[in-house]
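Listing of protein-v4.tsv, TSV, C-alpha atoms
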```
chain	number	residue	atom	x	y	z
F	1	MET	CA	-43.35	97.57	-70.58
F	2	LYS	CA	-41.92	98.09	-67.10
F	3	LYS	CA	-44.55	98.38	-64.39
F	4	ILE	CA	-44.20	100.30	-61.15
F	5	ARG	CA	-44.76	97.96	-58.20
F	6	TYR	CA	-47.02	99.34	-55.45
F	7	ALA	CA	-47.62	98.46	-51.83
F	8	VAL	CA	-51.04	99.46	-50.55
F	9	VAL	CA	-50.54	100.74	-47.01
F	10	GLY	CA	-53.91	100.69	-45.30
F	11	ALA	CA	-56.42	98.35	-46.96
F	12	GLY	CA	-59.55	100.14	-45.80
F	13	TRP	CA	-62.55	101.51	-47.68
F	14	ILE	CA	-60.84	103.88	-50.14
F	15	SER	CA	-58.23	101.27	-51.04
F	16	GLN	CA	-60.86	98.59	-51.53
F	17	ILE	CA	-63.44	100.56	-53.45
F	18	ALA	CA	-61.18	102.79	-55.55
F	19	PHE	CA	-57.40	102.38	-55.56
F	20	MET	CA	-57.06	98.61	-55.80
F	21	PRO	CA	-59.68	98.18	-58.55
F	22	GLY	CA	-58.07	100.97	-60.57
F	23	VAL	CA	-54.49	99.72	-60.66
F	24	ALA	CA	-55.07	96.70	-62.91
F	25	GLN	CA	-56.18	98.72	-65.95
F	26	THR	CA	-53.32	101.28	-65.91
F	27	GLY	CA	-50.91	99.18	-67.94
F	28	ASN	CA	-47.89	100.65	-66.14
F	29	SER	CA	-48.66	99.73	-62.52
F	30	VAL	CA	-49.12	96.58	-60.46
F	31	MET	CA	-49.77	95.83	-56.79
F	32	THR	CA	-47.21	93.54	-55.20
F	33	ALA	CA	-47.89	94.03	-51.46
F	34	ILE	CA	-50.60	94.89	-48.97
F	35	VAL	CA	-49.80	96.34	-45.55
F	36	SER	CA	-52.73	95.90	-43.17
F	37	GLY	CA	-53.73	95.32	-39.58
F	38	ASN	CA	-56.39	92.82	-40.61
F	39	ARG	CA	-54.70	89.68	-41.91
F	40	ALA	CA	-57.92	87.86	-42.81
F	41	ASN	CA	-59.25	90.69	-44.98
F	42	ALA	CA	-55.82	91.28	-46.49
F	43	GLU	CA	-55.64	87.65	-47.57
F	44	LYS	CA	-59.01	87.90	-49.28
F	45	LEU	CA	-58.00	91.12	-51.05
F	46	ALA	CA	-54.64	89.66	-52.07
F	47	LYS	CA	-56.31	86.62	-53.59
F	48	PHE	CA	-58.94	88.72	-55.37
F	49	HIS	CA	-56.40	91.18	-56.83
F	50	ASN	CA	-53.56	88.67	-57.31
F	51	VAL	CA	-51.21	90.43	-54.86
F	52	GLU	CA	-48.28	88.27	-53.81
F	53	HIS	CA	-47.19	89.69	-50.44
F	54	ILE	CA	-49.00	90.61	-47.22
F	55	PHE	CA	-47.39	92.42	-44.28
F	56	ALA	CA	-48.55	93.60	-40.88
F	57	TYR	CA	-47.86	97.20	-39.92
F	58	GLU	CA	-45.03	96.14	-37.61
F	59	ASP	CA	-43.29	94.57	-40.63
F	60	TYR	CA	-43.56	97.72	-42.79
F	61	ASP	CA	-39.84	98.54	-42.68
F	62	LYS	CA	-39.00	94.93	-43.49
F	63	MET	CA	-41.25	95.14	-46.54
F	64	LEU	CA	-39.58	98.37	-47.69
F	65	ARG	CA	-36.16	96.69	-47.65
F	66	GLN	CA	-37.13	93.55	-49.58
F	67	GLY	CA	-36.96	95.01	-53.08
F	68	ILE	CA	-40.52	94.04	-53.93
F	69	VAL	CA	-42.03	97.54	-54.31
F	70	ASP	CA	-41.09	100.76	-56.10
F	71	ALA	CA	-43.82	102.94	-54.56
F	72	VAL	CA	-46.31	103.00	-51.71
F	73	TYR	CA	-49.90	104.26	-51.70
F	74	ILE	CA	-50.63	105.45	-48.15
F	75	ALA	CA	-54.32	105.42	-47.20
F	76	LEU	CA	-54.03	105.53	-43.42
F	77	PRO	CA	-55.68	107.93	-40.95
F	78	ASN	CA	-54.31	111.46	-41.40
F	79	SER	CA	-52.23	111.34	-38.23
F	80	MET	CA	-50.18	108.43	-39.61
F	81	HIS	CA	-49.33	109.86	-43.04
F	82	ALA	CA	-46.04	111.54	-42.15
F	83	ASP	CA	-44.49	108.60	-40.30
F	84	TYR	CA	-45.19	106.04	-43.02
F	85	ALA	CA	-44.26	108.40	-45.84
F	86	ILE	CA	-40.93	109.41	-44.31
F	87	ARG	CA	-39.98	105.80	-43.62
F	88	ALA	CA	-40.72	104.86	-47.22
F	89	ALA	CA	-38.76	107.79	-48.62
F	90	GLN	CA	-35.78	106.98	-46.42
F	91	ALA	CA	-35.84	103.47	-47.88
F	92	GLY	CA	-35.70	104.88	-51.42
F	93	ILE	CA	-39.36	104.19	-52.19
F	94	HIS	CA	-41.61	106.66	-54.03
F	95	VAL	CA	-44.62	107.86	-52.05
F	96	MET	CA	-48.24	108.69	-52.92
F	97	VAL	CA	-50.22	109.90	-49.90
F	98	GLU	CA	-53.95	110.41	-49.57
F	99	LYS	CA	-55.03	113.94	-48.76
F	100	PRO	CA	-54.56	115.83	-46.54
F	101	LEU	CA	-50.81	115.34	-46.84
F	102	ALA	CA	-50.29	115.47	-43.05
F	103	VAL	CA	-51.70	117.14	-39.94
F	104	THR	CA	-49.15	119.95	-39.43
F	105	VAL	CA	-46.96	122.16	-41.55
F	106	ALA	CA	-43.89	120.69	-39.84
F	107	GLU	CA	-44.90	117.15	-40.80
F	108	CYS	CA	-45.49	118.19	-44.42
F	109	GLU	CA	-42.10	119.87	-44.57
F	110	ALA	CA	-40.41	116.81	-43.06
F	111	MET	CA	-42.03	114.57	-45.68
F	112	ILE	CA	-40.91	116.85	-48.50
F	113	ALA	CA	-37.38	117.03	-47.09
F	114	ALA	CA	-37.14	113.25	-46.72
F	115	ALA	CA	-38.26	112.66	-50.31
F	116	ASP	CA	-35.91	115.31	-51.69
F	117	LYS	CA	-32.96	113.93	-49.72
F	118	ALA	CA	-33.64	110.38	-50.93
F	119	GLY	CA	-34.25	111.44	-54.53
F	120	VAL	CA	-37.75	109.94	-54.67
F	121	TRP	CA	-41.09	111.49	-55.65
F	122	LEU	CA	-43.71	112.46	-53.11
F	123	MET	CA	-47.19	113.02	-54.55
F	124	THR	CA	-50.39	114.11	-52.85
F	125	ALA	CA	-53.21	111.91	-54.13
F	126	TYR	CA	-55.27	114.60	-55.85
F	127	ARG	CA	-57.01	112.30	-58.31
F	128	LEU	CA	-58.88	115.15	-60.01
F	129	HIS	CA	-55.58	116.52	-61.34
F	130	ASN	CA	-55.60	113.64	-63.81
F	131	GLU	CA	-59.35	113.50	-64.49
F	132	PRO	CA	-60.04	114.62	-68.09
F	133	ALA	CA	-63.27	116.51	-67.38
F	134	THR	CA	-61.78	118.51	-64.52
F	135	LEU	CA	-58.78	119.43	-66.63
F	136	GLU	CA	-61.04	120.56	-69.49
F	137	ILE	CA	-62.93	122.82	-67.09
F	138	LEU	CA	-59.69	124.36	-65.82
F	139	ASP	CA	-58.60	124.88	-69.41
F	140	LEU	CA	-61.87	126.66	-70.26
F	141	VAL	CA	-61.21	129.07	-67.39
F	142	ARG	CA	-57.62	129.69	-68.46
F	143	ARG	CA	-58.65	130.31	-72.07
F	144	GLY	CA	-60.90	133.11	-70.92
F	145	GLU	CA	-64.22	131.45	-71.78
F	146	ILE	CA	-65.82	133.21	-68.78
F	147	GLY	CA	-63.54	136.25	-68.81
F	148	GLU	CA	-61.50	136.75	-65.65
F	149	PRO	CA	-62.56	134.34	-62.87
F	150	ARG	CA	-63.75	136.38	-59.89
F	151	ILE	CA	-65.85	134.11	-57.66
F	152	PHE	CA	-65.57	130.45	-56.64
F	153	ASN	CA	-68.45	128.89	-54.71
F	154	SER	CA	-68.88	125.26	-53.66
F	155	VAL	CA	-70.87	122.88	-51.45
F	156	PHE	CA	-69.63	119.38	-50.72
F	157	SER	CA	-71.65	117.32	-48.23
F	158	PHE	CA	-72.87	113.86	-47.32
F	159	ASN	CA	-74.06	111.99	-44.24
F	160	MET	CA	-71.07	110.36	-42.56
F	161	ALA	CA	-71.68	107.06	-40.78
F	162	GLY	CA	-70.93	107.08	-37.07
F	163	GLY	CA	-67.73	105.53	-35.74
F	164	ASN	CA	-65.56	106.48	-38.72
F	165	HIS	CA	-61.98	107.58	-37.95
F	166	ARG	CA	-62.73	110.75	-39.93
F	167	LEU	CA	-64.86	111.81	-36.94
F	168	LYS	CA	-61.89	111.60	-34.54
F	169	PRO	CA	-59.85	114.72	-33.65
F	170	GLU	CA	-56.77	112.62	-32.84
F	171	HIS	CA	-56.58	111.80	-36.55
F	172	TRP	CA	-57.33	115.43	-37.56
F	173	GLY	CA	-60.74	114.33	-38.69
F	174	GLY	CA	-63.57	116.55	-39.81
F	175	PRO	CA	-65.40	117.68	-42.94
F	176	LEU	CA	-62.79	120.31	-43.84
F	177	GLN	CA	-59.95	117.82	-43.98
F	178	ASP	CA	-61.89	115.06	-45.70
F	179	ILE	CA	-64.02	116.83	-48.30
F	180	GLY	CA	-63.49	120.56	-47.87
F	181	VAL	CA	-59.95	120.04	-49.09
F	182	TYR	CA	-61.36	119.28	-52.56
F	183	CYS	CA	-63.12	122.65	-52.66
F	184	LEU	CA	-60.00	124.41	-51.39
F	185	ASN	CA	-57.70	122.71	-53.89
F	186	ALA	CA	-60.10	123.45	-56.75
F	187	ALA	CA	-60.28	127.15	-55.83
F	188	ARG	CA	-56.48	127.41	-55.67
F	189	HIS	CA	-56.05	125.95	-59.13
F	190	VAL	CA	-59.02	127.77	-60.68
F	191	PHE	CA	-57.48	131.07	-59.57
F	192	ALA	CA	-53.92	129.76	-60.17
F	193	SER	CA	-52.82	131.44	-56.94
F	194	GLU	CA	-52.75	130.98	-53.19
F	195	PRO	CA	-55.31	132.33	-50.69
F	196	GLU	CA	-54.09	135.24	-48.55
F	197	GLU	CA	-56.73	135.38	-45.80
F	198	ALA	CA	-59.45	133.18	-44.31
F	199	ILE	CA	-62.61	133.74	-42.29
F	200	ALA	CA	-64.71	130.78	-41.16
F	201	VAL	CA	-67.53	129.47	-38.97
F	202	THR	CA	-68.56	125.98	-37.87
F	203	ALA	CA	-71.82	124.28	-36.86
F	204	ALA	CA	-71.61	121.64	-34.17
F	205	GLY	CA	-74.41	119.27	-35.12
F	206	GLU	CA	-76.11	119.59	-31.74
F	207	GLY	CA	-77.87	116.46	-30.53
F	208	ASP	CA	-76.17	114.25	-33.11
F	209	GLU	CA	-73.78	111.85	-31.40
F	210	ARG	CA	-71.70	111.55	-34.58
F	211	PHE	CA	-70.40	115.05	-33.94
F	212	ALA	CA	-69.46	114.78	-30.28
F	213	GLU	CA	-65.79	115.37	-31.14
F	214	VAL	CA	-65.68	117.21	-34.48
F	215	GLU	CA	-67.94	119.78	-36.11
F	216	GLU	CA	-70.77	118.78	-38.42
F	217	MET	CA	-69.94	121.45	-40.97
F	218	ILE	CA	-67.61	124.31	-41.71
F	219	ALA	CA	-67.99	127.29	-44.02
F	220	THR	CA	-65.15	129.56	-45.09
F	221	THR	CA	-64.48	132.53	-47.30
F	222	LEU	CA	-60.97	132.94	-48.70
F	223	ARG	CA	-59.48	136.11	-50.12
F	224	PHE	CA	-57.22	135.54	-53.13
F	225	PRO	CA	-54.90	137.99	-54.93
F	226	LYS	CA	-56.55	140.47	-57.33
F	227	SER	CA	-59.51	140.83	-54.90
F	228	ARG	CA	-61.03	137.46	-55.79
F	229	LEU	CA	-63.11	135.45	-53.32
F	230	ALA	CA	-63.75	131.75	-52.81
F	231	HIS	CA	-66.46	130.41	-50.52
F	232	PHE	CA	-67.25	126.81	-49.69
F	233	THR	CA	-69.20	124.75	-47.17
F	234	ALA	CA	-68.25	121.18	-46.25
F	235	SER	CA	-70.60	119.01	-44.17
F	236	PHE	CA	-70.76	115.49	-42.76
F	237	GLY	CA	-74.42	115.90	-41.78
F	238	ALA	CA	-76.37	116.87	-44.88
F	239	GLU	CA	-77.73	115.26	-48.02
F	240	MET	CA	-75.20	114.60	-50.77
F	241	SER	CA	-74.18	117.75	-52.60
F	242	ASP	CA	-71.20	117.83	-54.90
F	243	MET	CA	-70.90	121.06	-56.86
F	244	TYR	CA	-68.85	124.14	-57.60
F	245	ARG	CA	-69.43	127.30	-59.59
F	246	VAL	CA	-66.85	129.64	-61.10
F	247	VAL	CA	-68.15	133.09	-61.99
F	248	GLY	CA	-66.12	135.33	-64.26
F	249	THR	CA	-66.47	138.80	-65.71
F	250	GLU	CA	-68.11	137.43	-68.87
F	251	GLY	CA	-69.73	134.13	-67.90
F	252	LYS	CA	-69.91	131.26	-65.44
F	253	ILE	CA	-69.31	127.52	-65.22
F	254	ASP	CA	-71.48	125.27	-63.03
F	255	VAL	CA	-70.04	121.83	-62.31
F	256	GLU	CA	-72.29	119.17	-60.76
F	257	PRO	CA	-71.26	116.47	-59.98
F	258	GLY	CA	-67.81	117.93	-59.52
F	259	PHE	CA	-65.65	116.05	-57.00
F	260	ARG	CA	-66.81	112.48	-56.38
F	261	PHE	CA	-65.18	109.52	-58.11
F	262	GLU	CA	-68.44	107.53	-58.07
F	263	THR	CA	-70.14	109.72	-60.71
F	264	PRO	CA	-69.20	111.27	-64.06
F	265	VAL	CA	-68.50	115.01	-64.14
F	266	ARG	CA	-71.01	117.35	-65.78
F	267	TYR	CA	-70.76	121.09	-66.45
F	268	ARG	CA	-72.82	123.97	-67.82
F	269	LEU	CA	-71.02	126.95	-69.36
F	270	THR	CA	-73.11	130.12	-69.58
F	271	ARG	CA	-71.93	133.19	-71.44
F	272	GLY	CA	-74.67	135.73	-72.11
F	273	SER	CA	-77.49	133.89	-73.88
F	274	LYS	CA	-75.22	131.04	-74.95
F	275	VAL	CA	-75.35	127.87	-72.84
F	276	VAL	CA	-73.19	124.79	-73.41
F	277	GLU	CA	-73.77	121.64	-71.38
F	278	LYS	CA	-71.53	118.59	-71.34
F	279	THR	CA	-71.59	115.27	-69.51
F	280	PHE	CA	-68.37	113.30	-69.64
F	281	PRO	CA	-67.76	109.55	-69.66
F	282	HIS	CA	-67.33	108.02	-66.23
F	283	TYR	CA	-63.55	108.00	-66.06
F	284	ASP	CA	-61.77	106.03	-63.35
F	285	HIS	CA	-60.03	108.66	-61.21
F	286	PHE	CA	-57.72	106.26	-59.40
F	287	SER	CA	-56.55	104.50	-62.55
F	288	GLY	CA	-55.68	107.89	-64.01
F	289	MET	CA	-53.91	109.12	-60.90
F	290	THR	CA	-51.89	105.93	-60.50
F	291	ALA	CA	-50.95	105.78	-64.18
F	292	TYR	CA	-49.79	109.40	-64.01
F	293	PHE	CA	-47.63	108.83	-60.92
F	294	SER	CA	-46.11	105.71	-62.48
F	295	ASP	CA	-45.35	107.73	-65.63
F	296	CYS	CA	-43.59	110.32	-63.47
F	297	ILE	CA	-41.49	107.62	-61.81
F	298	LEU	CA	-40.63	105.94	-65.10
F	299	LYS	CA	-39.72	109.25	-66.78
F	300	GLY	CA	-37.97	110.81	-63.79
F	301	GLN	CA	-40.44	113.71	-63.88
F	302	ARG	CA	-41.63	115.49	-60.74
F	303	PRO	CA	-45.42	115.12	-60.29
F	304	GLU	CA	-47.39	118.36	-60.46
F	305	SER	CA	-49.40	117.50	-57.35
F	306	ASP	CA	-46.26	117.09	-55.26
F	307	GLY	CA	-45.73	117.57	-51.54
F	308	GLY	CA	-45.73	121.34	-51.98
F	309	ASP	CA	-49.29	121.28	-53.28
F	310	GLY	CA	-50.39	119.28	-50.27
F	311	LEU	CA	-48.46	121.60	-47.95
F	312	ASN	CA	-50.23	124.68	-49.28
F	313	ASP	CA	-53.61	123.08	-48.65
F	314	VAL	CA	-52.59	122.18	-45.11
F	315	ARG	CA	-51.44	125.76	-44.44
F	316	ALA	CA	-54.80	127.07	-45.65
F	317	MET	CA	-56.82	124.50	-43.68
F	318	LEU	CA	-55.00	125.31	-40.46
F	319	ALA	CA	-55.75	129.00	-41.04
F	320	ILE	CA	-59.41	128.19	-41.72
F	321	GLU	CA	-59.59	126.23	-38.46
F	322	ALA	CA	-57.96	129.09	-36.55
F	323	ALA	CA	-60.40	131.58	-38.08
F	324	ALA	CA	-63.37	129.45	-37.00
F	325	ARG	CA	-61.93	128.93	-33.51
F	326	THR	CA	-61.05	132.57	-32.84
F	327	GLY	CA	-63.67	134.40	-34.85
F	328	GLN	CA	-60.87	136.48	-36.37
F	329	PRO	CA	-59.56	136.62	-39.96
F	330	GLN	CA	-56.34	134.66	-40.41
F	331	LYS	CA	-53.50	135.49	-42.78
F	332	ILE	CA	-52.17	132.72	-45.02
F	333	VAL	CA	-48.64	132.80	-46.43
F	334	SER	CA	-47.82	130.08	-48.96
F	335	ALA	CA	-45.26	129.87	-51.73
F	336	PRO	CA	-46.77	130.24	-55.23
F	337	ARG	CA	-47.03	126.98	-57.12
F	338	PRO	CA	-44.58	126.53	-60.01
F	339	SER	CA	-47.33	124.88	-62.08
F	340	HIS	CA	-51.00	123.92	-62.09
F	341	PRO	CA	-52.87	120.94	-63.60
F	342	THR	CA	-52.78	120.93	-67.41
F	343	LEU	CA	-54.52	118.96	-70.16
F	344	ASP	CA	-51.48	116.78	-70.84
F	345	MET	CA	-51.86	115.31	-67.34
F	346	ALA	CA	-55.19	113.69	-68.26
F	347	ARG	CA	-55.35	109.90	-68.15
F	348	SER	CA	-58.51	108.31	-69.57
F	349	PHE	CA	-59.60	104.93	-68.25
F	350	PRO	CA	-63.12	103.50	-67.95
F	351	HIS	CA	-64.59	103.27	-64.48
F	352	ALA	CA	-63.35	100.01	-62.95
F	353	GLU	CA	-66.15	97.64	-62.02
F	354	ARG	CA	-64.32	94.70	-60.46
F	355	ARG	CA	-63.87	95.27	-56.72
F	356	LEU	CA	-64.04	93.53	-53.36
F	357	VAL	CA	-65.32	95.66	-50.49
F	358	PHE	CA	-65.85	94.54	-46.90
```
Spit out the file's structure as structure tokens when you get a sec.
Amino acid sequence: MKKIRYAVVGAGWISQIAFMPGVAQTGNSVMTAIVSGNRANAEKLAKFHNVEHIFAYEDYDKMLRQGIVDAVYIALPNSMHADYAIRAAQAGIHVMVEKPLAVTVAECEAMIAAADKAGVWLMTAYRLHNEPATLEILDLVRRGEIGEPRIFNSVFSFNMAGGNHRLKPEHWGGPLQDIGVYCLNAARHVFASEPEEAIAVTAAGEGDERFAEVEEMIATTLRFPKSRLAHFTASFGAEMSDMYRVVGTEGKIDVEPGFRFETPVRYRLTRGSKVVEKTFPHYDHFSGMTAYFSDCILKGQRPESDGGDGLNDVRAMLAIEAAARTGQPQKIVSAPRPSHPTLDMARSFPHAERRLVF
């Protein structure tokens, strides 16, 4: 079986703890290169994962031209996504980019245009789009198990360690971009439509030096078509919470845990006096996402979570930020998605246990 060859661009925490351990068990994917600014750590990771090539960031374009990779997985700070994605696309290399896709609408559009021009796939790394439990929950909503979905509510929080690049405004850091995007993306696909208006507020985390440059938390309410509402709060300064609730005209679904890759998904479906609870196996999100993208490349099939999906989230997040900054509601205009995650996108792999993390 042909395997898609990946270069890991940015060998930091998410690559070490999640992406690199997940690739080996996909069956259709293999890592052939690491691009990193830390040669010593890259050498250890390459030896551990049996990766043949190591490159510094200044040799990225050289690596792209050597014929040793078919795709790149970009896990760099948000401000660097567009540059590295466009360069890969221009070299004829498929691109998977961690969320958020980029830091501006213009950058997202340039990435999409570069991939389209080169005839390669650009995918936003929304791992939950291939996670079997998440897809089952979306299917329950679409089948009308809770009637018409009317309300989406979510809290996603944890205590961020100081000094992380996700606390730096120059990289478009903050809780909205890092974890709030999961709540936003879930609401969009639960309602199978795009938000039309945002209101939002932030809390600064006064007295906490971690939040000298970005807010501690942000809360937003989004208006969707058919008078539906989504509300979520994302925080870098509170105890771990990882949940969402979808309330319909005839029932509700509570999902907790709902977003993290470190824990299995669990839901409770309530309809009148009937309650159904289900805890799923601990699937490996990154194995599933990588296997799906490799399938798309091998079959010549556009990934569902393409650049357009990432663009729509960026449009909404920029509107949320503007609403919080100005205190005024902000309109959001995004193109409807041609598709949403479906059951056939599920990829089931056990949670990978073998990893090397510095």
inquiry  = At a cut-off of 8 Å, using only C-alpha atoms, what residues contact range 202-211 of chain F? Leave out same-chain residues fewer than 3 positions from it and give the result as a count of residues only.
reply    = 12
task = Tell me which of F:Arg266, F:Arg325, F:Arg150, F:His81 sits closest to Lys252 in chain F, counting only C-alpha atoms.
result =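 Closest candidate: F:Arg150.
Closest to Phe191 in chain F among F:Ser305, F:Lys168, F:Ile17, F:Pro341 is F:Pro341, based on all atoms listed in the file.
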task = Considering all atoms listed in the file, return as a PyMOL selection string whatever protein or nucleic-acid residues lie within 8 Å of Gly180 in chain F, sequence-local ones (same chain, fewer than 4 positions apart) excluded.
result = chain F and resi 156+175-176+184+232-234
request  = Pick out the closest residue to Pro149 in chain F from this set: F:Thr221, F:Ser79, F:Ser193, F:Ser29. Count all atoms listed in the file.
outcome  = F:Ser193
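Those residues positioned at most 6 Å from (-53.7, 99.7, -45.1) are Val9, Gly10, Ala11, Gly12, Val35 and Ser36 of chain F, judged using only C-alpha atoms.
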Dump C-alpha atoms for the selected residues as a CSV table (one decimal), in the coordinates of the input?
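Okay, part-v8.csv is ready:
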```csv
chain,number,residue,atom,x,y,z
F,9,VAL,CA,-50.5,100.7,-47.0
F,10,GLY,CA,-53.9,100.7,-45.3
F,11,ALA,CA,-56.4,98.4,-47.0
F,12,GLY,CA,-59.6,100.1,-45.8
F,35,VAL,CA,-49.8,96.3,-45.6
F,36,SER,CA,-52.7,95.9,-43.2
```
All residues 10 Å or closer to range 311-318 of chain F, only C-alpha atoms, same chain fewer than 4 positions away omitted, as a VMD selection string = chain F and resid 99 to 109 111 to 112 124 176 to 177 180 to 182 184 to 185 188 194 to 198 220 222 306 to 307 322 to 324 330 to 337
task = Considering only C-alpha atoms, return as a list in words whatever protein or nucleic-acid residues lie within 6 Å of range 287-304 of chain F, sequence-local ones (same chain, fewer than 5 positions apart) excluded.
result =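 Contacts, in chain order: Ile4, Gly22, Val23, Thr26, Arg127, Asn130 and Arg347 of chain F.
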note = Restricting to only C-alpha atoms, whichever of F:Lys274, F:His171, F:His189, F:His53 is closest to Glu145 in chain F is F:Lys274
Can you fill out range 323-336 of chain F with N, CA and C atoms and hand it back as a PDB file, keeping the file's coordinate frame?
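Saved the output as rebuild-v5.pdb:
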```pdb
ATOM      1  N   ALA F 323     -59.398 130.528 -37.877  1.00  0.00           N
ATOM      2  CA  ALA F 323     -60.400 131.580 -38.080  1.00  0.00           C
ATOM      3  C   ALA F 323     -61.732 131.182 -37.442  1.00  0.00           C
ATOM      4  N   ALA F 324     -62.123 129.920 -37.609  1.00  0.00           N
ATOM      5  CA  ALA F 324     -63.370 129.450 -37.000  1.00  0.00           C
ATOM      6  C   ALA F 324     -63.274 129.420 -35.487  1.00  0.00           C
ATOM      7  N   ARG F 325     -62.124 129.043 -34.964  1.00  0.00           N
ATOM      8  CA  ARG F 325     -61.930 128.930 -33.510  1.00  0.00           C
ATOM      9  C   ARG F 325     -61.901 130.288 -32.830  1.00  0.00           C
ATOM     10  N   THR F 326     -61.250 131.266 -33.461  1.00  0.00           N
ATOM     11  CA  THR F 326     -61.050 132.570 -32.840  1.00  0.00           C
ATOM     12  C   THR F 326     -62.080 133.616 -33.229  1.00  0.00           C
ATOM     13  N   GLY F 327     -62.755 133.385 -34.344  1.00  0.00           N
ATOM     14  CA  GLY F 327     -63.670 134.400 -34.850  1.00  0.00           C
ATOM     15  C   GLY F 327     -62.963 135.567 -35.509  1.00  0.00           C
ATOM     16  N   GLN F 328     -61.668 135.409 -35.773  1.00  0.00           N
ATOM     17  CA  GLN F 328     -60.870 136.480 -36.370  1.00  0.00           C
ATOM     18  C   GLN F 328     -60.299 136.046 -37.710  1.00  0.00           C
ATOM     19  N   PRO F 329     -60.203 136.965 -38.684  1.00  0.00           N
ATOM     20  CA  PRO F 329     -59.560 136.620 -39.960  1.00  0.00           C
ATOM     21  C   PRO F 329     -58.121 136.157 -39.723  1.00  0.00           C
ATOM     22  N   GLN F 330     -57.692 135.207 -40.534  1.00  0.00           N
ATOM     23  CA  GLN F 330     -56.340 134.660 -40.410  1.00  0.00           C
ATOM     24  C   GLN F 330     -55.574 134.835 -41.716  1.00  0.00           C
ATOM     25  N   LYS F 331     -54.357 135.344 -41.613  1.00  0.00           N
ATOM     26  CA  LYS F 331     -53.500 135.490 -42.780  1.00  0.00           C
ATOM     27  C   LYS F 331     -52.956 134.124 -43.192  1.00  0.00           C
ATOM     28  N   ILE F 332     -52.755 133.945 -44.479  1.00  0.00           N
ATOM     29  CA  ILE F 332     -52.170 132.720 -45.020  1.00  0.00           C
ATOM     30  C   ILE F 332     -50.982 133.116 -45.899  1.00  0.00           C
ATOM     31  N   VAL F 333     -49.835 132.520 -45.626  1.00  0.00           N
ATOM     32  CA  VAL F 333     -48.640 132.800 -46.430  1.00  0.00           C
ATOM     33  C   VAL F 333     -48.118 131.484 -46.982  1.00  0.00           C
ATOM     34  N   SER F 334     -48.276 131.294 -48.281  1.00  0.00           N
ATOM     35  CA  SER F 334     -47.820 130.080 -48.960  1.00  0.00           C
ATOM     36  C   SER F 334     -47.035 130.447 -50.206  1.00  0.00           C
ATOM     37  N   ALA F 335     -46.051 129.633 -50.525  1.00  0.00           N
ATOM     38  CA  ALA F 335     -45.260 129.870 -51.730  1.00  0.00           C
ATOM     39  C   ALA F 335     -46.119 129.626 -52.966  1.00  0.00           C
ATOM     40  N   PRO F 336     -46.031 130.472 -53.985  1.00  0.00           N
ATOM     41  CA  PRO F 336     -46.770 130.240 -55.230  1.00  0.00           C
ATOM     42  C   PRO F 336     -46.372 128.900 -55.846  1.00  0.00           C
TER      43      PRO F 336
END
```
